[in-house]
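Next up, work38.cif (mmCIF, C-alpha atoms and all ligand atoms; chains and numbers go by the auth columns):
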data_data
loop_
_atom_site.group_PDB
_atom_site.id
_atom_site.type_symbol
_atom_site.label_atom_id
_atom_site.label_comp_id
_atom_site.label_asym_id
_atom_site.label_seq_id
_atom_site.Cartn_x
_atom_site.Cartn_y
_atom_site.Cartn_z
_atom_site.B_iso_or_equiv
_atom_site.auth_seq_id
_atom_site.auth_asym_id
ATOM 1 C CA MET A 1 -17.827 33.440 13.017 0.00 852 A
ATOM 2 C CA SER A 2 -14.254 33.288 11.797 0.00 853 A
ATOM 3 C CA ARG A 3 -12.927 30.998 9.178 0.00 854 A
ATOM 4 C CA PRO A 4 -9.481 30.516 7.694 0.00 855 A
ATOM 5 C CA PRO A 5 -9.102 32.222 4.335 0.00 856 A
ATOM 6 C CA ALA A 6 -9.651 29.846 1.439 0.00 857 A
ATOM 7 C CA GLU A 7 -6.231 30.621 0.095 0.00 858 A
ATOM 8 C CA SER A 8 -3.588 32.348 2.114 0.00 859 A
ATOM 9 C CA ARG A 9 -1.282 34.675 0.284 0.00 860 A
ATOM 10 C CA ILE A 10 2.287 34.905 1.394 0.00 861 A
ATOM 11 C CA THR A 11 3.029 38.472 2.350 0.00 862 A
ATOM 12 C CA THR A 12 6.393 38.287 4.011 0.00 863 A
ATOM 13 C CA THR A 13 9.214 35.933 4.858 0.00 864 A
ATOM 14 C CA SER A 14 10.144 37.859 8.000 0.00 865 A
ATOM 15 C CA THR A 15 9.569 35.970 11.239 0.00 866 A
ATOM 16 C CA VAL A 16 8.319 39.151 12.912 0.00 867 A
ATOM 17 C CA VAL A 17 4.908 40.074 11.562 0.00 868 A
ATOM 18 C CA ASP A 18 2.168 42.579 12.229 0.00 869 A
ATOM 19 C CA ALA A 19 -0.611 40.157 13.135 0.00 870 A
ATOM 20 C CA GLU A 20 -3.234 42.897 12.996 0.00 871 A
ATOM 21 C CA VAL A 21 -2.392 43.852 9.424 0.00 872 A
ATOM 22 C CA LEU A 22 -2.316 40.206 8.365 0.00 873 A
ATOM 23 C CA ALA A 23 -5.613 39.480 10.097 0.00 874 A
ATOM 24 C CA HIS A 24 -7.387 42.529 8.646 0.00 875 A
ATOM 25 C CA GLY A 25 -6.253 41.446 5.196 0.00 876 A
ATOM 26 C CA GLN A 26 -7.058 37.774 5.890 0.00 877 A
ATOM 27 C CA LEU A 27 -3.509 36.967 4.921 0.00 878 A
ATOM 28 C CA GLY A 28 -1.310 34.041 5.661 0.00 879 A
ATOM 29 C CA TRP A 29 2.242 33.269 6.558 0.00 880 A
ATOM 30 C CA GLU A 30 3.861 30.203 5.123 0.00 881 A
ATOM 31 C CA GLY A 31 7.379 28.945 5.444 0.00 882 A
ATOM 32 C CA GLU A 32 9.860 26.231 6.290 0.00 883 A
ATOM 33 C CA PHE A 33 12.432 26.230 9.040 0.00 884 A
ATOM 34 C CA ASN A 34 15.463 24.064 9.541 0.00 885 A
ATOM 35 C CA GLY A 35 14.429 22.081 12.625 0.00 886 A
ATOM 36 C CA THR A 36 17.832 22.540 14.257 0.00 887 A
ATOM 37 C CA ARG A 37 17.021 26.236 14.730 0.00 888 A
ATOM 38 C CA PHE A 38 14.520 25.305 17.445 0.00 889 A
ATOM 39 C CA THR A 39 17.004 24.837 20.260 0.00 890 A
ATOM 40 C CA ARG A 40 14.378 23.950 22.859 0.00 891 A
ATOM 41 C CA LEU A 41 13.100 21.200 20.560 0.00 892 A
ATOM 42 C CA GLN A 42 16.638 19.961 19.927 0.00 893 A
ATOM 43 C CA ASP A 43 17.141 19.635 23.681 0.00 894 A
ATOM 44 C CA VAL A 44 14.600 16.793 23.728 0.00 895 A
ATOM 45 C CA ALA A 45 15.191 15.412 20.235 0.00 896 A
ATOM 46 C CA LEU A 46 17.648 12.573 19.722 0.00 897 A
ATOM 47 C CA SER A 47 18.890 13.798 16.361 0.00 898 A
ATOM 48 C CA ASP A 48 18.632 16.896 14.189 0.00 899 A
ATOM 49 C CA THR A 49 15.010 17.603 13.378 0.00 900 A
ATOM 50 C CA PRO A 50 14.456 17.945 9.628 0.00 901 A
ATOM 51 C CA ARG A 51 12.512 20.806 8.079 0.00 902 A
ATOM 52 C CA VAL A 52 9.466 22.107 9.868 0.00 903 A
ATOM 53 C CA ALA A 53 6.720 23.186 7.463 0.00 904 A
ATOM 54 C CA VAL A 54 4.456 25.927 8.795 0.00 905 A
ATOM 55 C CA LYS A 55 1.222 27.503 7.585 0.00 906 A
ATOM 56 C CA LEU A 56 -0.492 30.276 9.471 0.00 907 A
ATOM 57 C CA ALA A 57 -3.756 31.916 8.435 0.00 908 A
ATOM 58 C CA PHE A 58 -4.770 35.184 10.107 0.00 909 A
ATOM 59 C CA VAL A 59 -8.304 36.519 10.523 0.00 910 A
ATOM 60 C CA MET A 60 -10.007 38.962 12.873 0.00 911 A
ATOM 61 C CA LEU A 61 -12.488 37.753 15.477 0.00 912 A
ATOM 62 C CA ASP A 62 -14.066 40.026 18.101 0.00 913 A
ATOM 63 C CA ARG A 63 -11.579 42.733 17.063 0.00 914 A
ATOM 64 C CA ARG A 64 -8.653 40.472 17.861 0.00 915 A
ATOM 65 C CA PRO A 65 -6.369 38.613 15.455 0.00 916 A
ATOM 66 C CA VAL A 66 -6.681 34.857 15.491 0.00 917 A
ATOM 67 C CA VAL A 67 -4.277 32.378 13.945 0.00 918 A
ATOM 68 C CA HIS A 68 -5.187 29.036 12.432 0.00 919 A
ATOM 69 C CA GLY A 69 -1.920 27.155 12.179 0.00 920 A
ATOM 70 C CA THR A 70 -0.532 23.838 11.014 0.00 921 A
ATOM 71 C CA LEU A 71 2.919 22.414 11.601 0.00 922 A
ATOM 72 C CA SER A 72 4.506 19.300 10.258 0.00 923 A
ATOM 73 C CA THR A 73 7.837 17.633 10.741 0.00 924 A
ATOM 74 C CA GLU A 74 9.290 14.446 12.179 0.00 925 A
ATOM 75 C CA VAL A 75 11.153 14.379 15.486 0.00 926 A
ATOM 76 C CA GLU A 76 13.374 11.576 16.744 0.00 927 A
ATOM 77 C CA LEU A 77 12.646 10.855 20.410 0.00 928 A
ATOM 78 C CA VAL A 78 13.665 8.281 23.026 0.00 929 A
ATOM 79 C CA CYS A 79 11.032 5.599 23.617 0.00 930 A
ATOM 80 C CA GLN A 80 10.432 5.465 27.367 0.00 931 A
ATOM 81 C CA ARG A 81 9.663 1.736 27.247 0.00 932 A
ATOM 82 C CA CYS A 82 12.762 0.398 25.503 0.00 933 A
ATOM 83 C CA MET A 83 14.957 3.537 25.594 0.00 934 A
ATOM 84 C CA GLY A 84 15.491 3.085 21.861 0.00 935 A
ATOM 85 C CA ALA A 85 15.129 5.735 19.192 0.00 936 A
ATOM 86 C CA MET A 86 11.742 6.351 17.635 0.00 937 A
ATOM 87 C CA ARG A 87 10.560 8.600 14.820 0.00 938 A
ATOM 88 C CA TYR A 88 7.619 10.705 15.819 0.00 939 A
ATOM 89 C CA PRO A 89 5.699 12.247 12.914 0.00 940 A
ATOM 90 C CA LEU A 90 4.350 15.524 14.103 0.00 941 A
ATOM 91 C CA HIS A 91 1.337 17.093 12.401 0.00 942 A
ATOM 92 C CA GLU A 92 -0.143 19.713 14.651 0.00 943 A
ATOM 93 C CA GLN A 93 -3.046 22.097 14.215 0.00 944 A
ATOM 94 C CA PHE A 94 -3.731 24.964 16.542 0.00 945 A
ATOM 95 C CA GLU A 95 -6.133 27.879 16.928 0.00 946 A
ATOM 96 C CA LEU A 96 -4.815 30.876 18.794 0.00 947 A
ATOM 97 C CA MET A 97 -6.228 34.262 19.702 0.00 948 A
ATOM 98 C CA LEU A 98 -3.615 36.939 20.153 0.00 949 A
ATOM 99 C CA ILE A 99 -3.864 39.082 23.246 0.00 950 A
ATOM 100 C CA GLY A 100 -1.680 41.954 24.350 0.00 951 A
ATOM 101 C CA SER A 101 -1.899 41.355 28.086 0.00 952 A
ATOM 102 C CA ASN A 102 -2.974 38.789 30.657 0.00 953 A
ATOM 103 C CA SER A 103 -5.993 40.929 31.572 0.00 954 A
ATOM 104 C CA GLU A 104 -7.573 39.866 28.250 0.00 955 A
ATOM 105 C CA LEU A 105 -7.289 36.154 29.062 0.00 956 A
ATOM 106 C CA ASP A 106 -10.967 35.765 29.968 0.00 957 A
ATOM 107 C CA GLN A 107 -12.005 37.274 26.641 0.00 958 A
ATOM 108 C CA VAL A 108 -10.630 34.391 24.599 0.00 959 A
ATOM 109 C CA PRO A 109 -13.532 32.234 23.389 0.00 960 A
ATOM 110 C CA GLU A 110 -13.446 28.480 22.790 0.00 961 A
ATOM 111 C CA PRO A 111 -11.813 26.796 20.979 0.00 962 A
ATOM 112 C CA TYR A 112 -9.032 29.386 20.850 0.00 963 A
ATOM 113 C CA GLU A 113 -5.968 29.231 23.035 0.00 964 A
ATOM 114 C CA PRO A 114 -4.632 32.587 24.158 0.00 965 A
ATOM 115 C CA TRP A 115 -1.268 33.670 22.792 0.00 966 A
ATOM 116 C CA LEU A 116 0.322 36.579 24.596 0.00 967 A
ATOM 117 C CA SER A 117 2.240 38.708 22.148 0.00 968 A
ATOM 118 C CA ASN A 118 2.978 42.166 20.912 0.00 969 A
ATOM 119 C CA VAL A 119 0.290 41.994 18.241 0.00 970 A
ATOM 120 C CA GLN A 120 1.994 44.469 15.913 0.00 971 A
ATOM 121 C CA ARG A 121 5.335 42.735 16.223 0.00 972 A
ATOM 122 C CA MET A 122 4.510 39.094 16.673 0.00 973 A
ATOM 123 C CA ASN A 123 7.417 36.683 16.569 0.00 974 A
ATOM 124 C CA VAL A 124 6.281 33.749 14.436 0.00 975 A
ATOM 125 C CA PHE A 125 9.376 31.750 15.327 0.00 976 A
ATOM 126 C CA ASP A 126 8.663 31.819 19.083 0.00 977 A
ATOM 127 C CA LEU A 127 5.073 30.792 18.476 0.00 978 A
ATOM 128 C CA ILE A 128 6.113 27.854 16.313 0.00 979 A
ATOM 129 C CA GLU A 129 8.736 26.635 18.768 0.00 980 A
ATOM 130 C CA GLU A 130 6.195 26.709 21.593 0.00 981 A
ATOM 131 C CA GLN A 131 3.595 24.846 19.524 0.00 982 A
ATOM 132 C CA LEU A 132 6.171 22.225 18.517 0.00 983 A
ATOM 133 C CA LEU A 133 6.992 21.573 22.170 0.00 984 A
ATOM 134 C CA LEU A 134 3.306 21.385 23.078 0.00 985 A
ATOM 135 C CA ALA A 135 2.762 18.863 20.286 0.00 986 A
ATOM 136 C CA LEU A 136 5.321 16.398 21.657 0.00 987 A
ATOM 137 C CA PRO A 137 3.951 13.416 23.570 0.00 988 A
ATOM 138 C CA LEU A 138 4.277 13.609 27.364 0.00 989 A
ATOM 139 C CA ILE A 139 5.761 10.127 27.375 0.00 990 A
ATOM 140 C CA ALA A 140 7.116 8.962 24.033 0.00 991 A
ATOM 141 C CA LYS A 141 6.578 5.260 23.330 0.00 992 A
ATOM 142 C CA HIS A 142 6.762 3.117 20.224 0.00 993 A
ATOM 143 C CA GLU A 143 3.213 2.595 19.067 0.00 994 A
ATOM 144 C CA ASP A 144 3.922 -1.082 18.475 0.00 995 A
ATOM 145 C CA GLU A 145 5.307 -2.888 21.539 0.00 996 A
ATOM 146 C CA GLU A 146 7.015 -5.402 19.253 0.00 997 A
ATOM 147 C CA GLU A 147 9.266 -2.616 18.071 0.00 998 A
ATOM 148 C CA CYS A 148 10.462 -2.174 21.675 0.00 999 A
ATOM 149 C CA VAL A 149 11.115 -5.913 22.007 0.00 1000 A
ATOM 150 C CA ARG A 150 13.101 -5.840 18.772 0.00 1001 A
ATOM 151 C CA ILE A 151 15.296 -3.038 20.164 0.00 1002 A
ATOM 152 C CA ALA A 152 15.565 -4.414 23.713 0.00 1003 A
ATOM 153 C CA PRO A 153 15.010 -8.194 23.376 0.00 1004 A
ATOM 154 C CA GLY A 154 15.033 -8.964 27.127 0.00 1005 A
ATOM 155 C CA LEU A 155 12.406 -6.325 27.830 0.00 1006 A
ATOM 156 C CA LEU A 156 9.265 -8.430 27.974 0.00 1007 A
ATOM 157 C CA SER A 157 10.581 -11.993 27.938 0.00 1008 A
ATOM 158 C CA ASN A 158 11.693 -12.358 31.573 0.00 1009 A
ATOM 159 C CA GLU A 159 10.251 -9.652 33.704 0.00 1010 A
ATOM 160 C CA PRO A 160 8.686 -6.396 32.581 0.00 1011 A
ATOM 161 C CA ALA A 161 11.061 -3.544 33.362 0.00 1012 A
ATOM 162 C CA ASP A 162 8.271 -1.704 35.210 0.00 1013 A
ATOM 163 C CA GLU A 163 7.793 -4.589 37.642 0.00 1014 A
ATOM 164 C CA ALA A 164 11.492 -4.888 38.319 0.00 1015 A
ATOM 165 C CA VAL A 165 11.628 -1.183 39.098 0.00 1016 A
ATOM 166 C CA GLU A 166 8.545 -1.440 41.291 0.00 1017 A
ATOM 167 C CA ARG A 167 10.006 -4.302 43.293 0.00 1018 A
ATOM 168 C CA GLN A 168 13.242 -2.401 43.753 0.00 1019 A
ATOM 169 C CA GLN A 169 11.338 0.645 44.989 0.00 1020 A
ATOM 170 C CA GLU A 170 9.324 -1.539 47.337 0.00 1021 A
ATOM 171 C CA ALA A 171 12.506 -3.042 48.767 0.00 1022 A
ATOM 172 C CA GLU A 172 13.955 0.425 49.228 0.00 1023 A
ATOM 173 C CA SER A 173 10.867 1.754 50.990 0.00 1024 A
ATOM 174 C CA GLN A 174 10.884 -1.277 53.292 0.00 1025 A
ATOM 175 C CA SER A 175 14.469 -0.651 54.256 0.00 1026 A
ATOM 176 C CA ASP A 176 13.466 2.950 54.944 0.00 1027 A
ATOM 177 C CA ALA A 177 10.752 1.682 57.245 0.00 1028 A
ATOM 178 C CA VAL A 178 13.254 -0.431 59.111 0.00 1029 A
ATOM 179 C CA GLN A 179 15.583 2.503 59.556 0.00 1030 A
ATOM 180 C CA ARG A 180 12.897 4.967 60.494 0.00 1031 A
ATOM 181 C CA PRO A 181 12.411 3.839 64.150 0.00 1032 A
ATOM 182 C CA PHE A 182 16.074 4.528 64.796 0.00 1033 A
ATOM 183 C CA GLY A 183 15.749 7.881 63.093 0.00 1034 A
ATOM 184 C CA ASN A 184 12.840 8.729 65.374 0.00 1035 A
ATOM 185 C CA LEU A 185 14.741 7.560 68.393 0.00 1036 A
ATOM 186 C CA ARG A 186 17.595 9.881 67.507 0.00 1037 A
ATOM 187 C CA ASP A 187 15.098 12.718 67.224 0.00 1038 A
ATOM 188 C CA LEU A 188 13.701 11.860 70.635 0.00 1039 A
ATOM 189 C CA LEU A 189 17.127 11.745 72.217 0.00 1040 A
ATOM 190 C CA ARG A 190 17.913 15.190 70.833 0.00 1041 A
ATOM 191 C CA LYS A 191 14.928 16.721 72.602 0.00 1042 A
HETATM 192 ZN ZN ZN B . 10.194 1.288 22.363 0.00 1101 A
#
Could you render the structure as structure tokens?
Ligand SMILES: [Zn+2]
Amino acid sequence: MSRPPAESRITTTSTVVDAEVLAHGQLGWEGEFNGTRFTRLQDVALSDTPRVAVKLAFVMLDRRPVVHGTLSTEVELVCQRCMGAMRYPLHEQFELMLIGSNSELDQVPEPYEPWLSNVQRMNVFDLIEEQLLLALPLIAKHEDEEECVRIAPGLLSNEPADEAVERQQEAESQSDAVQRPFGNLRDLLRK
């Protein structure tokens, strides 16, 4: 059974590491990145993401390196309820087993997620960017609905935005239905 080392020693500041060497030595990788370096994260973030703190601990399991990782930062996202800005504190933990090819996928035991990588030259930066994106909510929303009302006061007072959209879609689909017989007729005439 694997376990993260009690205390990870920092061995390198390079973002390309030999995961096998680190895992055999039960070593860690620890660092901070300027959040703006993660361009794929910045594509969805509303403002520059501050520093991203990262800790990775490497150990061997079944002759493969595994990584116990934690990430923390705070991302500014768009709330999908009020379309206002919201701060999203991100504290993510992940357990990955490194594999060299897709053929090893079925050899990754629970609870590890497979991470396909050149094990001797693993790019820590790519891994972190991917984990940051995975940690984002599918649909960002203010936890407290009152916050949305504060930002968009008309949101809940008259008619919930969702209902208005639904009714509009309903109206549109009805007009489609009205037009469809003519569409079919045209098709018939073409034959
Ligand atoms: Zn909101």
Give me, as CSV, the closest atom pair and its distance (Å, one decimal) for every residue of chain A within a cut-off of 12 Å of ligand ZN 1101 (chain A), counting all atoms listed in the file, rows sorted by chain and rising number.
residue,atom,partner,partner_atom,distance
A:Leu928,CA,A:ZN1101,ZN,10.1
A:Val929,CA,A:ZN1101,ZN,7.8
A:Cys930,CA,A:ZN1101,ZN,4.6
A:Gln931,CA,A:ZN1101,ZN,6.5
A:Arg932,CA,A:ZN1101,ZN,4.9
A:Cys933,CA,A:ZN1101,ZN,4.2
A:Met934,CA,A:ZN1101,ZN,6.2
A:Gly935,CA,A:ZN1101,ZN,5.6
A:Ala936,CA,A:ZN1101,ZN,7.4
A:Met937,CA,A:ZN1101,ZN,7.1
A:Arg938,CA,A:ZN1101,ZN,10.5
A:Tyr939,CA,A:ZN1101,ZN,11.8
A:Ile990,CA,A:ZN1101,ZN,11.1
A:Ala991,CA,A:ZN1101,ZN,8.4
A:Lys992,CA,A:ZN1101,ZN,5.5
A:His993,CA,A:ZN1101,ZN,4.4
A:Glu994,CA,A:ZN1101,ZN,7.8
A:Asp995,CA,A:ZN1101,ZN,7.8
A:Glu996,CA,A:ZN1101,ZN,6.5
A:Glu997,CA,A:ZN1101,ZN,8.0
A:Glu998,CA,A:ZN1101,ZN,5.9
A:Cys999,CA,A:ZN1101,ZN,3.5
A:Val1000,CA,A:ZN1101,ZN,7.3
A:Arg1001,CA,A:ZN1101,ZN,8.5
A:Ile1002,CA,A:ZN1101,ZN,7.0
A:Ala1003,CA,A:ZN1101,ZN,7.9
A:Pro1004,CA,A:ZN1101,ZN,10.7
A:Leu1006,CA,A:ZN1101,ZN,9.6
A:Leu1007,CA,A:ZN1101,ZN,11.3
Legend entry - Atomic distance atom CA of Asp913 of chain A - atom CA of Gln971 of chain A, expressed in Å with one decimal: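 Going from atom CA of Asp913 of chain A over to atom CA of Gln971 of chain A, I get 16.8 Å.
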Inset, instruction - List, as a list in words, every residue that the PyMOL selection byres (((chain A and resi 867-882) around 6) and not hetatm) selects in the file provided. - result: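 Applying the PyMOL selection byres (((chain A and resi 867-882) around 6) and not hetatm) to the structure shown produces Ser859, Arg860, Ile861, Ser865, Thr866, Glu883, Val905, Lys906, Leu907, Ala908, Phe909, Val910, Met911, Pro916, Val970, Gln971, Arg972, Met973, Asn974 and Val975 of chain A.
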Inset, instruction - Name the residues captured by the PyMOL selection byres (((chain A and resi 897) around 8) and not hetatm) when it is applied to the shown file; answer as a VMD selection string. - result: chain A and resid 893 895 to 896 898 to 899 926 to 929 936
Expected file: the selected residues, C-alpha atoms, as an mmCIF file, in the frame of the given file:
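Dumped to part_17.cif:
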data_model
loop_
_atom_site.group_PDB
_atom_site.id
_atom_site.type_symbol
_atom_site.label_atom_id
_atom_site.label_comp_id
_atom_site.auth_asym_id
_atom_site.auth_seq_id
_atom_site.Cartn_x
_atom_site.Cartn_y
_atom_site.Cartn_z
ATOM 1 C CA GLN A 893 16.638 19.961 19.927
ATOM 2 C CA VAL A 895 14.600 16.793 23.728
ATOM 3 C CA ALA A 896 15.191 15.412 20.235
ATOM 4 C CA SER A 898 18.890 13.798 16.361
ATOM 5 C CA ASP A 899 18.632 16.896 14.189
ATOM 6 C CA VAL A 926 11.153 14.379 15.486
ATOM 7 C CA GLU A 927 13.374 11.576 16.744
ATOM 8 C CA LEU A 928 12.646 10.855 20.410
ATOM 9 C CA VAL A 929 13.665 8.281 23.026
ATOM 10 C CA ALA A 936 15.129 5.735 19.192
#
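Atom pair atom CA of Trp966 of chain A / atom CA of Ile950 of chain A: separated by 6.0 Å.
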What do you get, as an mmCIF file with C-alpha atoms, keeping the file's coordinate frame, if you spell out every residue that the PyMOL selection byres (((chain A and resi 945) around 10) and not hetatm) selects here?
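The resulting file, expr_7.cif, is reproduced below:
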data_model
loop_
_atom_site.group_PDB
_atom_site.id
_atom_site.type_symbol
_atom_site.label_atom_id
_atom_site.label_comp_id
_atom_site.auth_asym_id
_atom_site.auth_seq_id
_atom_site.Cartn_x
_atom_site.Cartn_y
_atom_site.Cartn_z
ATOM 1 C CA LEU A 907 -0.492 30.276 9.471
ATOM 2 C CA VAL A 918 -4.277 32.378 13.945
ATOM 3 C CA HIS A 919 -5.187 29.036 12.432
ATOM 4 C CA GLY A 920 -1.920 27.155 12.179
ATOM 5 C CA THR A 921 -0.532 23.838 11.014
ATOM 6 C CA LEU A 922 2.919 22.414 11.601
ATOM 7 C CA GLU A 943 -0.143 19.713 14.651
ATOM 8 C CA GLN A 944 -3.046 22.097 14.215
ATOM 9 C CA GLU A 946 -6.133 27.879 16.928
ATOM 10 C CA LEU A 947 -4.815 30.876 18.794
ATOM 11 C CA PRO A 962 -11.813 26.796 20.979
ATOM 12 C CA TYR A 963 -9.032 29.386 20.850
ATOM 13 C CA GLU A 964 -5.968 29.231 23.035
ATOM 14 C CA GLN A 982 3.595 24.846 19.524
ATOM 15 C CA ALA A 986 2.762 18.863 20.286
#
Inset, instruction - May I ask for the distance between atom CA of Val917 of chain A and atom CA of Pro940 of chain A, given in Å to one decimal place? - result: 25.9 Å
Shell around Phe889 of chain A at 10 Å using all atoms listed in the file, local window under 6 positions removed, as a PDB file with C-alpha atoms, keeping the file's coordinate frame:
ATOM      1  CA  ASP A 899      18.632  16.896  14.189  1.00  0.00           C
ATOM      2  CA  THR A 900      15.010  17.603  13.378  1.00  0.00           C
ATOM      3  CA  VAL A 903       9.466  22.107   9.868  1.00  0.00           C
ATOM      4  CA  PHE A 976       9.376  31.750  15.327  1.00  0.00           C
ATOM      5  CA  ASP A 977       8.663  31.819  19.083  1.00  0.00           C
ATOM      6  CA  ILE A 979       6.113  27.854  16.313  1.00  0.00           C
ATOM      7  CA  GLU A 980       8.736  26.635  18.768  1.00  0.00           C
ATOM      8  CA  GLU A 981       6.195  26.709  21.593  1.00  0.00           C
ATOM      9  CA  LEU A 983       6.171  22.225  18.517  1.00  0.00           C
ATOM     10  CA  LEU A 984       6.992  21.573  22.170  1.00  0.00           C
TER      11      LEU A 984
END
Inset, instruction - Within 7 Å of Thr924 of chain A, counting all atoms listed in the file, which residues show up once you throw out same-chain ones fewer than 3 positions away? Write them as JSON, numbers by chain, please. - result: {"A": [901, 902, 903, 904, 940, 941, 942]}
Keeping only C-alpha atoms, write the selected residues to a file as a PDB file, keeping the file's coordinate frame.
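Okay, this is what ended up in out_24.pdb:
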ATOM      1  CA  PRO A 901      14.456  17.945   9.628  1.00  0.00           C
ATOM      2  CA  ARG A 902      12.512  20.806   8.079  1.00  0.00           C
ATOM      3  CA  VAL A 903       9.466  22.107   9.868  1.00  0.00           C
ATOM      4  CA  ALA A 904       6.720  23.186   7.463  1.00  0.00           C
ATOM      5  CA  PRO A 940       5.699  12.247  12.914  1.00  0.00           C
ATOM      6  CA  LEU A 941       4.350  15.524  14.103  1.00  0.00           C
ATOM      7  CA  HIS A 942       1.337  17.093  12.401  1.00  0.00           C
TER       8      HIS A 942
END
Legend entry - Of the listed residues A:Gly1005, A:Leu912, A:Asn885, A:Asn969, that which approaches Met948 of chain A most closely, counting all atoms listed in the file: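 The answer is A:Leu912, which sits nearest to Met948 of chain A.
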Add whatever atoms are absent from segment 992-1007 of chain A to reach N, CA and C atoms, and provide the output as a PDB file, keeping the file's coordinate frame.
ATOM      1  N   LYS A 992       6.475   6.724  23.354  1.00  0.00           N
ATOM      2  CA  LYS A 992       6.578   5.260  23.330  1.00  0.00           C
ATOM      3  C   LYS A 992       6.336   4.778  21.906  1.00  0.00           C
ATOM      4  N   HIS A 993       7.058   3.746  21.512  1.00  0.00           N
ATOM      5  CA  HIS A 993       6.762   3.117  20.224  1.00  0.00           C
ATOM      6  C   HIS A 993       5.292   2.695  20.226  1.00  0.00           C
ATOM      7  N   GLU A 994       4.621   2.957  19.140  1.00  0.00           N
ATOM      8  CA  GLU A 994       3.213   2.595  19.067  1.00  0.00           C
ATOM      9  C   GLU A 994       3.060   1.076  19.171  1.00  0.00           C
ATOM     10  N   ASP A 995       3.972   0.377  18.508  1.00  0.00           N
ATOM     11  CA  ASP A 995       3.922  -1.082  18.475  1.00  0.00           C
ATOM     12  C   ASP A 995       4.943  -1.637  19.482  1.00  0.00           C
ATOM     13  N   GLU A 996       4.436  -2.354  20.491  1.00  0.00           N
ATOM     14  CA  GLU A 996       5.307  -2.888  21.539  1.00  0.00           C
ATOM     15  C   GLU A 996       6.377  -3.818  20.972  1.00  0.00           C
ATOM     16  N   GLU A 997       6.040  -4.477  19.849  1.00  0.00           N
ATOM     17  CA  GLU A 997       7.015  -5.402  19.253  1.00  0.00           C
ATOM     18  C   GLU A 997       8.274  -4.674  18.806  1.00  0.00           C
ATOM     19  N   GLU A 998       8.111  -3.428  18.469  1.00  0.00           N
ATOM     20  CA  GLU A 998       9.266  -2.616  18.071  1.00  0.00           C
ATOM     21  C   GLU A 998      10.214  -2.463  19.262  1.00  0.00           C
ATOM     22  N   CYS A 999       9.652  -2.290  20.451  1.00  0.00           N
ATOM     23  CA  CYS A 999      10.462  -2.174  21.675  1.00  0.00           C
ATOM     24  C   CYS A 999      11.207  -3.489  21.940  1.00  0.00           C
ATOM     25  N   VAL A1000      10.513  -4.595  21.766  1.00  0.00           N
ATOM     26  CA  VAL A1000      11.115  -5.913  22.007  1.00  0.00           C
ATOM     27  C   VAL A1000      12.259  -6.157  21.023  1.00  0.00           C
ATOM     28  N   ARG A1001      12.068  -5.662  19.795  1.00  0.00           N
ATOM     29  CA  ARG A1001      13.101  -5.840  18.772  1.00  0.00           C
ATOM     30  C   ARG A1001      14.360  -5.072  19.198  1.00  0.00           C
ATOM     31  N   ILE A1002      14.169  -3.891  19.763  1.00  0.00           N
ATOM     32  CA  ILE A1002      15.296  -3.038  20.164  1.00  0.00           C
ATOM     33  C   ILE A1002      15.922  -3.546  21.466  1.00  0.00           C
ATOM     34  N   ALA A1003      15.074  -3.936  22.419  1.00  0.00           N
ATOM     35  CA  ALA A1003      15.565  -4.414  23.713  1.00  0.00           C
ATOM     36  C   ALA A1003      14.976  -5.806  23.949  1.00  0.00           C
ATOM     37  N   PRO A1004      15.602  -6.855  23.388  1.00  0.00           N
ATOM     38  CA  PRO A1004      15.010  -8.194  23.376  1.00  0.00           C
ATOM     39  C   PRO A1004      14.630  -8.717  24.763  1.00  0.00           C
ATOM     40  N   GLY A1005      15.349  -8.413  25.808  1.00  0.00           N
ATOM     41  CA  GLY A1005      15.033  -8.964  27.127  1.00  0.00           C
ATOM     42  C   GLY A1005      13.871  -8.264  27.813  1.00  0.00           C
ATOM     43  N   LEU A1006      13.344  -7.230  27.162  1.00  0.00           N
ATOM     44  CA  LEU A1006      12.406  -6.325  27.830  1.00  0.00           C
ATOM     45  C   LEU A1006      11.172  -7.012  28.372  1.00  0.00           C
ATOM     46  N   LEU A1007      10.539  -7.845  27.551  1.00  0.00           N
ATOM     47  CA  LEU A1007       9.265  -8.430  27.974  1.00  0.00           C
ATOM     48  C   LEU A1007       9.356  -9.931  28.234  1.00  0.00           C
TER      49      LEU A1007
END
